[in-house]
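*Asks:* This is run_4.cif (mmCIF, C-alpha atoms).
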```
data_upload
#
loop_
_atom_site.label_atom_id
_atom_site.label_comp_id
_atom_site.auth_asym_id
_atom_site.auth_seq_id
_atom_site.Cartn_x
_atom_site.Cartn_y
_atom_site.Cartn_z
CA MET J 282 198.57 -26.16 -117.31
CA ASP J 283 196.07 -25.60 -120.06
CA ILE J 284 195.02 -26.93 -123.45
CA LYS J 285 195.60 -25.05 -126.70
CA GLN J 286 193.93 -25.95 -129.98
CA VAL J 287 196.46 -26.13 -132.79
CA LYS J 288 194.17 -27.06 -135.68
CA GLY J 289 191.13 -29.28 -136.08
CA ASN J 290 191.38 -32.24 -133.72
CA THR J 291 195.03 -31.55 -132.88
CA PHE J 292 195.62 -29.88 -129.53
CA CYS J 293 198.51 -29.21 -127.15
CA ILE J 294 198.94 -29.50 -123.43
CA ASP J 295 200.97 -26.49 -122.33
CA THR J 296 202.78 -27.72 -119.23
CA GLY J 297 204.71 -24.51 -118.79
CA MET J 298 207.93 -26.34 -119.66
CA THR J 299 206.86 -28.15 -122.83
CA TYR J 300 204.14 -28.56 -125.42
CA ILE J 301 202.67 -32.07 -125.53
CA PRO J 302 200.39 -32.49 -128.55
CA PHE J 303 197.44 -34.86 -128.68
CA TYR J 304 194.97 -35.89 -131.35
CA LYS J 305 191.30 -36.32 -130.50
CA ILE J 306 189.76 -39.43 -132.02
CA ASN J 307 186.39 -38.57 -130.54
CA HIS J 308 184.95 -36.63 -127.62
CA GLU J 309 186.80 -38.74 -125.03
CA GLU J 310 189.58 -40.78 -126.66
CA ILE J 311 192.90 -39.13 -127.44
CA ILE J 312 196.29 -40.12 -128.83
CA MET J 313 199.17 -38.31 -127.11
CA LEU J 314 202.37 -37.43 -128.92
CA ASP J 315 204.89 -37.97 -126.09
CA SER J 316 203.92 -38.06 -122.42
CA GLY J 317 206.17 -35.49 -120.72
CA TRP J 318 208.24 -35.43 -117.54
CA LYS J 319 207.40 -37.45 -114.47
CA ARG J 320 208.89 -34.83 -112.17
CA GLY J 321 207.05 -31.53 -112.34
CA GLU J 322 204.50 -32.50 -115.01
CA ARG J 323 202.78 -35.79 -114.14
CA ARG J 324 200.37 -34.42 -111.56
CA GLY J 325 199.26 -31.55 -113.80
CA ILE J 326 198.86 -33.76 -116.88
CA ASP J 327 196.91 -36.31 -114.86
CA GLN J 328 194.59 -33.65 -113.48
CA LEU J 329 194.04 -32.07 -116.91
CA LEU J 330 193.15 -35.42 -118.48
CA GLU J 331 190.68 -36.23 -115.72
CA GLU J 332 189.05 -32.79 -115.76
CA ASN J 333 188.40 -33.11 -119.49
CA HIS J 334 187.25 -36.74 -119.18
CA PHE J 335 189.92 -37.82 -121.66
CA LYS J 336 190.98 -41.42 -122.07
CA VAL J 337 194.47 -41.94 -123.47
CA VAL J 338 194.22 -44.79 -125.98
CA ALA J 339 197.75 -44.45 -127.39
CA ILE J 340 201.01 -42.57 -127.01
CA ILE J 341 203.22 -42.05 -130.06
CA CYS J 342 206.70 -41.11 -128.87
CA SER J 343 209.13 -38.93 -130.80
CA HIS J 344 212.12 -40.31 -128.89
CA ALA J 345 213.10 -41.93 -125.61
CA HIS J 346 214.33 -39.00 -123.52
CA ILE J 347 213.22 -38.52 -119.92
CA ASP J 348 211.14 -35.41 -120.69
CA HIS J 349 209.25 -37.15 -123.49
CA ILE J 350 208.50 -40.65 -122.15
CA GLY J 351 208.49 -39.95 -118.42
CA ASN J 352 204.79 -40.84 -118.04
CA ASN J 353 204.53 -43.72 -120.53
CA SER J 354 204.41 -46.54 -118.01
CA TYR J 355 202.15 -44.62 -115.65
CA LEU J 356 199.59 -43.80 -118.37
CA LYS J 357 199.81 -47.29 -119.85
CA LYS J 358 198.98 -48.78 -116.48
CA LYS J 359 196.15 -46.31 -115.88
CA TYR J 360 194.49 -46.40 -119.32
CA ASN J 361 195.85 -49.63 -120.81
CA CYS J 362 196.96 -47.53 -123.77
CA ILE J 363 199.16 -48.53 -126.70
CA ILE J 364 202.78 -47.31 -126.74
CA VAL J 365 204.22 -46.55 -130.19
CA MET J 366 207.89 -45.66 -130.62
CA PRO J 367 210.78 -45.87 -133.11
CA ALA J 368 212.29 -49.35 -132.79
CA TYR J 369 215.77 -48.26 -131.71
CA GLU J 370 214.36 -45.85 -129.12
CA ALA J 371 212.05 -48.59 -127.83
CA LEU J 372 215.00 -50.92 -127.29
CA ILE J 373 216.86 -48.28 -125.25
CA CYS J 374 214.00 -47.83 -122.80
CA SER J 375 213.06 -51.52 -122.67
CA SER J 376 215.18 -52.11 -119.56
CA ALA J 377 217.36 -50.31 -117.03
CA VAL J 378 220.39 -52.12 -118.47
CA ASN J 379 219.68 -50.67 -121.90
CA LEU J 380 219.02 -47.23 -120.45
CA LYS J 381 222.59 -47.27 -119.18
CA LEU J 382 223.57 -46.60 -122.82
CA TYR J 383 222.31 -43.05 -122.22
CA TYR J 384 223.58 -42.81 -118.67
CA SER J 385 226.90 -44.61 -119.03
CA THR J 386 228.72 -42.67 -116.31
CA GLN J 387 226.23 -43.79 -113.65
CA THR J 388 225.99 -47.19 -112.01
CA LEU J 389 223.17 -49.54 -112.89
CA ALA J 390 221.71 -49.04 -109.41
CA GLU J 391 221.68 -45.27 -109.94
CA VAL J 392 220.12 -45.60 -113.39
CA THR J 393 217.43 -47.87 -111.94
CA GLU J 394 216.72 -45.46 -109.08
CA HIS J 395 216.65 -42.21 -111.02
CA PHE J 396 215.49 -43.31 -114.47
CA GLY J 397 213.72 -46.63 -113.90
CA HIS J 398 210.34 -44.96 -114.52
CA MET J 399 211.40 -44.52 -118.17
CA VAL J 400 211.33 -48.27 -118.73
CA CYS J 401 208.21 -49.16 -120.68
CA GLU J 402 206.83 -51.84 -122.95
CA THR J 403 206.40 -50.68 -126.55
CA ASP J 404 203.45 -52.24 -128.39
CA ILE J 405 204.17 -50.94 -131.90
CA MET J 406 207.70 -50.27 -133.13
CA ILE J 407 208.23 -47.85 -136.01
CA MET J 408 210.92 -49.10 -138.37
CA ASP J 409 213.28 -46.70 -140.11
CA ASN J 410 211.77 -47.44 -143.54
CA GLU J 411 208.21 -46.55 -142.50
CA ASP J 412 206.85 -43.13 -143.44
CA LYS J 413 203.34 -43.59 -142.05
CA ILE J 414 201.59 -45.56 -139.34
CA TYR J 415 197.99 -46.25 -138.38
CA VAL J 416 197.11 -46.03 -134.71
CA CYS J 417 193.54 -46.65 -133.50
CA GLY J 418 192.30 -46.08 -137.03
CA SER J 419 194.08 -42.73 -137.49
CA GLU J 420 196.95 -42.13 -139.91
CA PHE J 421 200.12 -40.35 -138.83
CA LYS J 422 202.96 -39.45 -141.20
CA ILE J 423 206.49 -40.12 -139.97
CA LEU J 424 209.65 -38.21 -140.84
CA HIS J 425 212.83 -39.81 -139.52
CA THR J 426 215.10 -37.16 -138.01
CA PRO J 427 217.92 -38.91 -136.13
CA GLY J 428 220.63 -36.93 -134.41
CA HIS J 429 219.07 -35.43 -131.31
CA SER J 430 218.61 -39.07 -130.33
CA PRO J 431 219.45 -42.28 -132.24
CA ALA J 432 216.04 -42.57 -133.97
CA HIS J 433 214.12 -39.35 -133.33
CA ILE J 434 211.00 -38.89 -135.46
CA CYS J 435 208.64 -36.05 -136.39
CA ILE J 436 204.93 -36.90 -136.42
CA THR J 437 202.24 -35.28 -138.61
CA THR J 438 198.58 -35.63 -137.67
CA GLN J 439 195.60 -35.84 -140.03
CA ASP J 440 195.11 -32.10 -139.50
CA ASP J 441 198.41 -31.43 -141.30
CA VAL J 442 200.04 -30.45 -138.01
CA ALA J 443 203.66 -31.55 -137.65
CA TYR J 444 205.02 -32.28 -134.20
CA LEU J 445 208.75 -31.68 -134.51
CA GLY J 446 209.69 -32.90 -131.04
CA ASP J 447 213.29 -31.88 -130.29
CA SER J 448 214.47 -31.72 -133.91
CA LEU J 449 214.26 -27.93 -133.46
CA ILE J 450 214.29 -25.64 -130.45
CA SER J 451 212.30 -22.42 -130.21
CA TYR J 452 213.69 -18.89 -130.14
CA GLU J 453 212.74 -18.71 -126.47
CA VAL J 454 214.95 -21.72 -125.70
CA MET J 455 217.79 -20.41 -127.89
CA LYS J 456 217.93 -17.25 -125.79
CA GLY J 457 218.82 -19.24 -122.69
CA ALA J 458 220.60 -22.30 -124.10
CA LYS J 459 224.33 -22.37 -123.45
CA MET J 460 224.86 -25.75 -125.08
CA PRO J 461 221.77 -27.43 -126.61
CA TYR J 462 221.88 -31.21 -126.69
CA ALA J 463 222.43 -33.47 -129.66
CA TYR J 464 223.37 -37.15 -129.51
CA ILE J 465 225.25 -36.94 -132.83
CA LEU J 466 225.48 -33.33 -133.96
CA SER J 467 226.43 -34.08 -137.58
CA GLU J 468 223.30 -36.24 -137.99
CA ASP J 469 221.16 -33.73 -136.13
CA LEU J 470 222.20 -30.97 -138.55
CA LYS J 471 221.32 -33.19 -141.52
CA SER J 472 217.90 -33.86 -140.00
CA LYS J 473 217.29 -30.17 -139.43
CA SER J 474 217.98 -29.59 -143.13
CA LYS J 475 215.43 -32.31 -144.02
CA LEU J 476 212.76 -30.19 -142.34
CA TYR J 477 212.97 -27.63 -145.18
CA ASP J 478 211.05 -30.15 -147.32
CA LEU J 479 208.29 -30.65 -144.73
CA LYS J 480 205.28 -28.62 -145.87
CA CYS J 481 202.56 -28.48 -143.23
CA SER J 482 200.01 -25.91 -142.16
CA LYS J 483 201.12 -25.87 -138.50
CA TYR J 484 204.21 -26.90 -136.56
CA VAL J 485 204.69 -27.67 -132.88
CA VAL J 486 208.13 -27.66 -131.23
CA ALA J 487 208.33 -29.44 -127.88
CA HIS J 488 210.55 -26.77 -126.28
CA LYS J 489 208.48 -24.68 -126.89
CA GLY J 490 206.62 -23.05 -129.76
CA MET J 491 203.86 -23.15 -132.38
CA TYR J 492 204.50 -21.87 -135.89
CA ASP J 493 202.80 -21.47 -139.26
CA ASP J 494 206.18 -21.64 -140.99
CA VAL J 495 209.52 -22.91 -139.69
CA THR J 496 211.83 -22.07 -142.61
CA GLU J 497 213.58 -19.26 -140.76
CA LEU J 498 213.62 -21.24 -137.51
CA ILE J 499 215.39 -24.15 -139.24
CA THR J 500 218.12 -21.86 -140.56
CA ASP J 501 218.54 -20.14 -137.21
CA ASN J 502 218.72 -23.51 -135.41
CA ILE J 503 221.44 -24.78 -137.74
CA ASN J 504 223.44 -21.57 -137.32
CA PHE J 505 222.92 -21.62 -133.54
CA TYR J 506 224.27 -25.16 -133.13
CA LYS J 507 227.20 -24.49 -135.47
CA ASN J 508 228.00 -21.30 -133.58
CA ARG J 509 228.12 -23.27 -130.34
CA ALA J 510 230.48 -25.77 -131.98
CA LYS J 511 232.67 -22.89 -133.12
CA ARG J 512 232.79 -21.50 -129.58
CA VAL J 513 233.89 -24.91 -128.30
CA SER J 514 236.64 -25.04 -130.94
CA GLU J 515 237.92 -21.65 -129.83
CA VAL J 516 238.80 -22.91 -126.34
CA ILE J 517 240.90 -25.78 -127.72
CA ASN J 518 244.57 -24.92 -128.07
CA ASP J 519 247.76 -26.95 -127.93
CA ALA J 520 246.96 -30.56 -126.98
CA MET J 521 244.04 -31.01 -124.58
CA THR J 522 242.39 -34.02 -123.02
CA MET J 523 238.61 -34.18 -122.90
CA GLU J 524 238.84 -33.18 -119.24
CA ASP J 525 240.89 -30.12 -120.20
CA ILE J 526 238.30 -29.14 -122.80
CA PHE J 527 235.50 -29.66 -120.29
CA LYS J 528 237.14 -27.32 -117.79
CA ALA J 529 237.77 -24.67 -120.44
CA VAL J 530 234.21 -24.86 -121.78
CA ILE J 531 232.42 -24.56 -118.44
CA LYS J 532 234.58 -21.53 -117.64
CA ASN J 533 234.14 -19.91 -121.06
CA PHE J 534 230.39 -20.63 -121.26
CA ASN J 535 229.84 -19.77 -117.57
CA ILE J 536 228.19 -23.14 -116.89
CA HIS J 537 227.67 -24.07 -113.25
CA VAL J 538 228.43 -27.69 -112.34
CA ASN J 539 227.40 -28.35 -108.73
CA SER J 540 226.89 -32.13 -108.70
CA ARG J 541 228.24 -35.19 -110.41
CA TYR J 542 224.86 -35.68 -112.11
CA ARG J 543 225.08 -32.19 -113.55
CA TYR J 544 228.65 -33.00 -114.57
CA ALA J 545 227.43 -36.08 -116.46
CA VAL J 546 224.74 -34.08 -118.29
CA ILE J 547 227.16 -31.35 -119.42
CA GLU J 548 229.76 -33.94 -120.39
CA ARG J 549 227.21 -35.74 -122.61
CA MET J 550 226.30 -32.47 -124.28
CA LEU J 551 229.92 -31.51 -124.85
CA TRP J 552 230.92 -34.87 -126.35
CA SER J 553 228.65 -34.30 -129.35
CA TYR J 554 230.30 -30.97 -130.18
CA VAL J 555 233.82 -32.33 -129.77
CA GLU J 556 233.00 -35.33 -132.00
CA TYR J 557 231.50 -32.99 -134.62
CA LEU J 558 234.61 -30.80 -134.61
CA ASN J 559 236.76 -33.92 -134.98
CA GLU J 560 234.61 -35.24 -137.85
CA THR J 561 234.82 -31.94 -139.72
CA GLY J 562 238.58 -31.61 -139.30
CA VAL J 563 238.48 -28.52 -137.10
CA ILE J 564 240.25 -30.52 -134.39
CA GLU J 565 242.08 -33.84 -134.47
CA LEU J 566 242.60 -36.60 -131.94
CA ASN J 567 246.05 -38.05 -131.27
CA MET J 568 247.92 -40.10 -128.72
CA ASP J 569 250.26 -37.99 -126.60
CA HIS J 570 252.44 -39.83 -124.05
CA GLY J 571 249.74 -42.39 -123.40
CA PHE J 572 246.81 -39.94 -123.35
CA LEU J 573 244.19 -39.08 -125.97
CA LYS J 574 244.43 -35.38 -126.73
CA TYR J 575 242.69 -32.99 -129.10
CA SER J 576 244.45 -30.20 -130.95
CA LYS J 577 243.76 -27.85 -133.86
CA GLY J 578 243.05 -29.70 -137.09
CA SER J 579 243.59 -29.13 -140.78
CA THR J 580 240.76 -26.61 -141.14
CA ASP J 581 239.81 -23.72 -138.92
CA MET J 582 236.33 -23.28 -140.36
CA ILE J 583 232.98 -24.94 -139.76
CA LYS J 584 231.27 -25.14 -143.12
CA PRO J 585 228.06 -23.07 -143.44
#
```
Starting from the file, give its structure as structure tokens.
*Replies:*
Amino acid sequence: MDIKQVKGNTFCIDTGMTYIPFYKINHEEIIMLDSGWKRGERRGIDQLLEENHFKVVAIICSHAHIDHIGNNSYLKKKYNCIIVMPAYEALICSSAVNLKLYYSTQTLAEVTEHFGHMVCETDIMIMDNEDKIYVCGSEFKILHTPGHSPAHICITTQDDVAYLGDSLISYEVMKGAKMPYAYILSEDLKSKSKLYDLKCSKYVVAHKGMYDDVTELITDNINFYKNRAKRVSEVINDAMTMEDIFKAVIKNFNIHVNSRYRYAVIERMLWSYVEYLNETGVIELNMDHGFLKYSKGSTDMIKP
């Protein structure tokens, strides 16, 4: 792991898997934007912070996914730092019971065991009508970009650096992504389009890139996700249950499912694409002899 300067007092921890930005208030105190994974990143982040004699005074979270808030509770306990998060994301990770909203196919005991470290107390909740916040005397602009998660946000530092979180993925990730995740794809696509109006001098994408301009990246992201939706639609013929579609997709996309946890992850990803195709009329959902089945809809095109 190492530290990259983005601009001014805005830096990034390059974990190898992600970019985790932070803003330096002074020589020692920093505000992190997300906290990264517990598994595979905590030790390296911890070591990097200690080597640079940094004290984390706050963490502003883009959203409540495991790779973005995995070290919140740990760092809060260590540094007594403030946790700042969109209100609806904060509620999800406020308890293991609420986390089961994300992990609905797993038992509460399994959620507690595997994801209990995500539970954290949020000190400041960002409401969906707020476009700026002040944390430890520093101003951060907020752009609400729901879709990847229920209340995902982008965060702009005082150096005019925008942290886009997971609202976009980099070209590197696109090369290897068979089915990128969105909680609600239709909302995610709208949020990606909102980014065209964001004019900053630097941009940081969590997975994983730094850019001076993201106009082309936005367009390519939108087309990439729509292309994946189109590929899902192409495997749906006749009347198919969700299980039928799942089987066809993992075969067509060459996705390996070797555990029930992997099954649950792929199923969550696929649901968003199927719902999007249903919303746009490419497929339709009907009852067929007591089963819910999808078939071709009234349109065979995904609008550009």
*Asks:* Could you spell out the hits of the PyMOL selection byres ((chain J and resi 395-411) around 7) on the shown file, as a PyMOL selection string?
*Replies:* chain J and resi 347+350-351+353-354+363-368+371+374-377+391-394+412-413+425
*Asks:* For a quick check of understanding, using all atoms listed in the file, which of J:Val337, J:Leu476, J:Leu449, J:Val530 has the smallest distance to Glu548 of chain J?
*Replies:*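 Comparing J:Val337, J:Leu476, J:Leu449, J:Val530 against Glu548 of chain J, the winner is J:Val530.
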*Asks:* What is the atom CA of Gly490 of chain J to atom CA of Thr437 of chain J distance in Å?
*Replies:*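 Going from atom CA of Gly490 of chain J over to atom CA of Thr437 of chain J, I get 15.7 Å.
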*Asks:* Counting only C-alpha atoms, find the residues whose atoms lie at most 12 Å from (196.6, -42.3, -142.7) (file coordinates) and write them out as a PyMOL selection string.
*Replies:* chain J and resi 412-423+436-441
*Asks:* Could you save those same residues with C-alpha atoms as a PDB file, keeping the file's coordinate frame?
*Replies:*
```pdb
ATOM      1  CA  ASP J 412     206.850 -43.130-143.440  1.00  0.00           C
ATOM      2  CA  LYS J 413     203.340 -43.590-142.050  1.00  0.00           C
ATOM      3  CA  ILE J 414     201.590 -45.560-139.340  1.00  0.00           C
ATOM      4  CA  TYR J 415     197.990 -46.250-138.380  1.00  0.00           C
ATOM      5  CA  VAL J 416     197.110 -46.030-134.710  1.00  0.00           C
ATOM      6  CA  CYS J 417     193.540 -46.650-133.500  1.00  0.00           C
ATOM      7  CA  GLY J 418     192.300 -46.080-137.030  1.00  0.00           C
ATOM      8  CA  SER J 419     194.080 -42.730-137.490  1.00  0.00           C
ATOM      9  CA  GLU J 420     196.950 -42.130-139.910  1.00  0.00           C
ATOM     10  CA  PHE J 421     200.120 -40.350-138.830  1.00  0.00           C
ATOM     11  CA  LYS J 422     202.960 -39.450-141.200  1.00  0.00           C
ATOM     12  CA  ILE J 423     206.490 -40.120-139.970  1.00  0.00           C
ATOM     13  CA  ILE J 436     204.930 -36.900-136.420  1.00  0.00           C
ATOM     14  CA  THR J 437     202.240 -35.280-138.610  1.00  0.00           C
ATOM     15  CA  THR J 438     198.580 -35.630-137.670  1.00  0.00           C
ATOM     16  CA  GLN J 439     195.600 -35.840-140.030  1.00  0.00           C
ATOM     17  CA  ASP J 440     195.110 -32.100-139.500  1.00  0.00           C
ATOM     18  CA  ASP J 441     198.410 -31.430-141.300  1.00  0.00           C
TER      19      ASP J 441
END
```
*Asks:* List every protein, DNA or RNA residue that has an atom no more than 8 Å from (228.5, -27.1, -131.1) in the file's coordinate frame, counting all atoms listed in the file, and report them as number ranges by chain.
*Replies:* J: 460, 466, 506-513, 551, 553-555, 557-558
*Asks:* Go through J:Val378, J:Leu573, J:Cys435, J:Ile547 one by one, measure the shortest atom-to-atom distance of each to Lys459 of chain J using all atoms listed in the file, and give the residue with the smallest value.
*Replies:* J:Ile547
*Asks:* Can you work out which one of J:Lys357, J:Lys483, J:Lys471, J:Lys528 has the shortest atom-to-atom distance to Thr291 of chain J, counting all atoms listed in the file?
*Replies:*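 Smallest separation from Thr291 of chain J among the options: J:Lys483.
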*Asks:* Name the residues in contact with Tyr444 of chain J at a cut-off of 10 Å, using only C-alpha atoms, excluding same-chain residues fewer than 4 positions from it; report them as JSON, numbers by chain.
*Replies:* {"J": [300, 301, 302, 303, 314, 315, 343, 423, 434, 435, 436, 437, 438, 448, 483, 484, 485, 486, 487, 491]}
*Asks:* For the structure shown, which residues end up in the PyMOL selection byres ((chain J and resi 309) around 10)? Put them as a VMD selection string, please?
*Replies:* chain J and resid 305 to 308 310 to 311 330 333 to 338
*Asks:* Looking at J:Tyr452, J:Tyr383, J:Tyr464, J:Tyr477, which one is nearest to Gly428 of chain J, with distances taken over only C-alpha atoms?
*Replies:*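 Looking only at the distances to Gly428 of chain J, the closest residue turns out to be J:Tyr464.
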*Asks:* Pick from J:Thr522, J:Cys342, J:Asn379, J:Arg541: nearest to Gly571 of chain J, with only C-alpha atoms counted?
*Replies:*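 Nearest candidate to Gly571 of chain J out of J:Thr522, J:Cys342, J:Asn379, J:Arg541: J:Thr522.
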